[in-house]
Each structure stands twice: as C-alpha cells, then as structure tokens.
>>> print(open('final03.pdb').read())   # PDB, C-alpha atoms, pLDDT in the B column
MODEL        1
ATOM      1  CA  ASN A 397       0.000   0.000   0.000  1.00 45.00           C
ATOM      2  CA  ASN A 398       1.745   3.154  -1.197  1.00 47.00           C
ATOM      3  CA  LYS A 399      -0.330   5.431   1.013  1.00 52.00           C
ATOM      4  CA  ASN A 400       1.001   3.698   4.118  1.00 51.00           C
ATOM      5  CA  LYS A 401       4.592   4.289   3.003  1.00 55.00           C
ATOM      6  CA  ARG A 402       3.927   8.029   2.936  1.00 60.00           C
ATOM      7  CA  GLY A 403       3.140   8.184   6.631  1.00 65.00           C
ATOM      8  CA  LYS A 404      -0.594   7.576   6.689  1.00 82.00           C
ATOM      9  CA  THR A 405      -1.844   5.435   9.537  1.00 86.00           C
ATOM     10  CA  MET A 406      -3.924   2.311   8.920  1.00 92.00           C
ATOM     11  CA  ARG A 407      -5.652   0.621  11.845  1.00 95.00           C
ATOM     12  CA  VAL A 408      -6.370  -3.116  11.520  1.00 94.00           C
ATOM     13  CA  ALA A 409      -8.294  -5.305  13.994  1.00 94.00           C
ATOM     14  CA  ILE A 410      -7.563  -8.991  14.503  1.00 94.00           C
ATOM     15  CA  PRO A 411      -9.930 -11.062  16.702  1.00 94.00           C
ATOM     16  CA  ILE A 412      -7.825 -13.187  19.042  1.00 95.00           C
ATOM     17  CA  GLU A 413      -8.429 -15.998  21.556  1.00 95.00           C
ATOM     18  CA  ASN A 414      -6.498 -14.546  24.513  1.00 95.00           C
ATOM     19  CA  ASP A 415      -4.653 -11.434  25.672  1.00 94.00           C
ATOM     20  CA  SER A 416      -1.157 -12.432  24.515  1.00 92.00           C
ATOM     21  CA  GLY A 417      -1.229 -10.046  21.540  1.00 85.00           C
ATOM     22  CA  LEU A 418       0.061 -11.233  18.215  1.00 82.00           C
ATOM     23  CA  ASP A 419       1.186 -14.490  19.827  1.00 92.00           C
ATOM     24  CA  ALA A 420      -2.484 -15.358  20.447  1.00 94.00           C
ATOM     25  CA  PRO A 421      -4.336 -17.623  18.022  1.00 94.00           C
ATOM     26  CA  VAL A 422      -6.734 -15.841  15.680  1.00 92.00           C
ATOM     27  CA  ALA A 423     -10.330 -16.425  16.768  1.00 91.00           C
ATOM     28  CA  LYS A 424     -12.410 -18.433  14.315  1.00 86.00           C
ATOM     29  CA  GLU A 425     -15.546 -16.354  14.897  1.00 83.00           C
ATOM     30  CA  ILE A 426     -15.242 -12.622  15.366  1.00 85.00           C
ATOM     31  CA  GLU A 427     -18.470 -12.493  17.381  1.00 83.00           C
ATOM     32  CA  ARG A 428     -17.024 -14.853  20.006  1.00 85.00           C
ATOM     33  CA  ALA A 429     -13.446 -13.573  20.148  1.00 91.00           C
ATOM     34  CA  PRO A 430     -12.598 -12.519  23.700  1.00 94.00           C
ATOM     35  CA  PHE A 431     -10.115  -9.859  22.524  1.00 95.00           C
ATOM     36  CA  PHE A 432      -9.060  -7.760  19.559  1.00 95.00           C
ATOM     37  CA  ALA A 433      -5.492  -6.880  18.708  1.00 96.00           C
ATOM     38  CA  VAL A 434      -5.665  -3.489  17.014  1.00 96.00           C
ATOM     39  CA  VAL A 435      -2.547  -2.845  14.981  1.00 95.00           C
ATOM     40  CA  ASN A 436      -1.684   0.727  14.028  1.00 94.00           C
ATOM     41  CA  LEU A 437       0.504   0.709  10.934  1.00 92.00           C
ATOM     42  CA  LYS A 438       2.384   3.860   9.968  1.00 91.00           C
ATOM     43  CA  GLY A 439       5.108   3.522   7.393  1.00 88.00           C
ATOM     44  CA  GLU A 440       7.291   0.671   8.611  1.00 88.00           C
ATOM     45  CA  GLU A 441       6.254   1.082  12.251  1.00 91.00           C
ATOM     46  CA  ALA A 442       3.555  -0.916  14.031  1.00 91.00           C
ATOM     47  CA  GLU A 443       1.924  -0.367  17.413  1.00 93.00           C
ATOM     48  CA  ILE A 444      -0.334  -3.021  18.941  1.00 94.00           C
ATOM     49  CA  ASN A 445      -3.104  -2.419  21.474  1.00 95.00           C
ATOM     50  CA  LEU A 446      -5.393  -5.047  22.985  1.00 96.00           C
ATOM     51  CA  TYR A 447      -9.084  -4.482  23.621  1.00 96.00           C
ATOM     52  CA  GLU A 448     -11.564  -6.752  25.342  1.00 94.00           C
ATOM     53  CA  ASN A 449     -14.464  -7.683  23.087  1.00 92.00           C
ATOM     54  CA  THR A 450     -17.117  -6.485  25.533  1.00 88.00           C
ATOM     55  CA  PRO A 451     -19.878  -6.390  22.875  1.00 83.00           C
ATOM     56  CA  ALA A 452     -19.515 -10.182  22.478  1.00 79.00           C
ATOM     57  CA  LYS A 453     -20.873 -10.614  26.006  1.00 79.00           C
ATOM     58  CA  GLU A 454     -24.016  -8.610  25.185  1.00 81.00           C
ATOM     59  CA  LYS A 455     -24.751 -10.605  22.004  1.00 75.00           C
ATOM     60  CA  ARG A 456     -26.546  -7.727  20.289  1.00 76.00           C
ATOM     61  CA  PRO A 457     -26.038  -7.323  16.543  1.00 76.00           C
ATOM     62  CA  GLY A 458     -24.092  -4.255  15.512  1.00 81.00           C
ATOM     63  CA  LEU A 459     -22.136  -3.649  18.711  1.00 89.00           C
ATOM     64  CA  ILE A 460     -18.832  -5.067  17.450  1.00 88.00           C
ATOM     65  CA  PRO A 461     -18.816  -2.923  14.273  1.00 87.00           C
ATOM     66  CA  GLU A 462     -19.677   0.121  16.400  1.00 90.00           C
ATOM     67  CA  MET A 463     -16.818  -0.590  18.804  1.00 92.00           C
ATOM     68  CA  LEU A 464     -14.270  -1.161  16.035  1.00 93.00           C
ATOM     69  CA  SER A 465     -15.416   1.924  14.169  1.00 92.00           C
ATOM     70  CA  ALA A 466     -15.092   4.020  17.350  1.00 94.00           C
ATOM     71  CA  LEU A 467     -11.500   2.733  17.642  1.00 94.00           C
ATOM     72  CA  GLY A 468     -10.783   3.972  14.115  1.00 94.00           C
ATOM     73  CA  VAL A 469     -10.426   0.494  12.619  1.00 93.00           C
ATOM     74  CA  LYS A 470     -10.547   0.447   8.813  1.00 88.00           C
ATOM     75  CA  LYS A 471      -9.730  -3.223   8.150  1.00 89.00           C
ATOM     76  CA  VAL A 472     -10.497  -6.513   9.913  1.00 88.00           C
ATOM     77  CA  VAL A 473      -8.487  -9.710   9.507  1.00 86.00           C
ATOM     78  CA  ALA A 474     -10.687 -12.652  10.500  1.00 80.00           C
ATOM     79  CA  GLY A 475     -11.705 -16.185   9.608  1.00 74.00           C
ATOM     80  CA  GLU A 476     -15.447 -15.530   9.598  1.00 67.00           C
ATOM     81  CA  VAL A 477     -17.113 -12.135   9.334  1.00 66.00           C
ATOM     82  CA  GLY A 478     -20.827 -11.405   9.560  1.00 66.00           C
ATOM     83  CA  THR A 479     -22.778  -9.391   6.997  1.00 67.00           C
ATOM     84  CA  ARG A 480     -22.796  -6.142   8.958  1.00 64.00           C
ATOM     85  CA  LEU A 481     -19.014  -6.148   9.423  1.00 64.00           C
ATOM     86  CA  ARG A 482     -18.527  -6.865   5.709  1.00 66.00           C
ATOM     87  CA  ILE A 483     -20.627  -3.832   4.879  1.00 64.00           C
ATOM     88  CA  LEU A 484     -18.746  -1.543   7.270  1.00 61.00           C
ATOM     89  CA  PHE A 485     -15.226  -2.762   6.566  1.00 58.00           C
TER      90      PHE A 485
ENDMDL
END
>>> encode(input="final03.pdb", output="structure tokens")
Amino acid sequence: NNKNKRGKTMRVAIPIENDSGLDAPVAKEIERAPFFAVVNLKGEEAEINLYENTPAKEKRPGLIPEMLSALGVKKVVAGEVGTRLRILF
C-alpha cells in the first residue's frame, strides 16, 4: 500500500483468543473472540493495542462494528465475518 509508506496510519483489527497479543491464536468467529489486537501501521512502524471484546458478552447485533469503528479500525483480519461487518469494513 503506497499510502502507508507516505506516513498515513492504517488501523487493523484482529480477533484473538487470549490477551497475549500477536502471539495469540486468531479467533475463528469474530463475534465470540474474547479480545481484539488493534494494529496501528504507519510507514514501517507498528503499534499493537489489545481491547476486550465487551460487545460479544451482550450478544446484540451491531455492537462489534460500532466498537471497532469508534476505535478507528478500517480493516479486519478474520476467519469468519458477519454481513454487517462486511458492509462496514
């Protein structure tokens, strides 16, 4: 991505099974992932933050996309993604 090389920041969410960051296995279902690793990519630098997937506990449609959008996430890397997430990301 040439834009990223010019200093723009891209924020990517990865649903993960535990809180060990990028060492954690990727969750098979985004709706049931206990955590998200949110990776901020700027140029060749990366910063990783972990967030608990609190909307998964409430089991209401639309809460996960709202949370990720509020975090500034533009891309999601996941095994399975529901229709609403596909529309938003």
>>> closest_residue(input="final03.pdb", among="A:Val434, A:Ala474, A:Ala423, A:Leu467", to="A:Ala409", atoms="all atoms listed in the file")
A:Val434
>>> closest_residue(input="final03.pdb", among="A:Ala433, A:Lys404, A:Asp415, A:Arg428", to="A:Lys453", atoms="only C-alpha atoms")
A:Arg428
>>> resolve_selection(input="final03.pdb", expression="the PyMOL selection byres ((chain A and resi 418) around 12)", output="number ranges by chain")
A: 409-417, 419-423, 431-435, 442-446
>>> atom_distance(input="final03.pdb", atom1="atom CA of A:Ala466", atom2="atom CA of A:Lys424")
22.8 Å
>>> residues_around(input="final03.pdb", residues="A:Ala452", least_positions_apart="3", cutoff="12 Å", atoms="all atoms listed in the file", output="JSON, numbers by chain")
{"A": [411, 425, 426, 427, 428, 429, 430, 431, 432, 447, 448, 449, 455, 456, 457, 458, 459, 460, 461, 462, 463]}
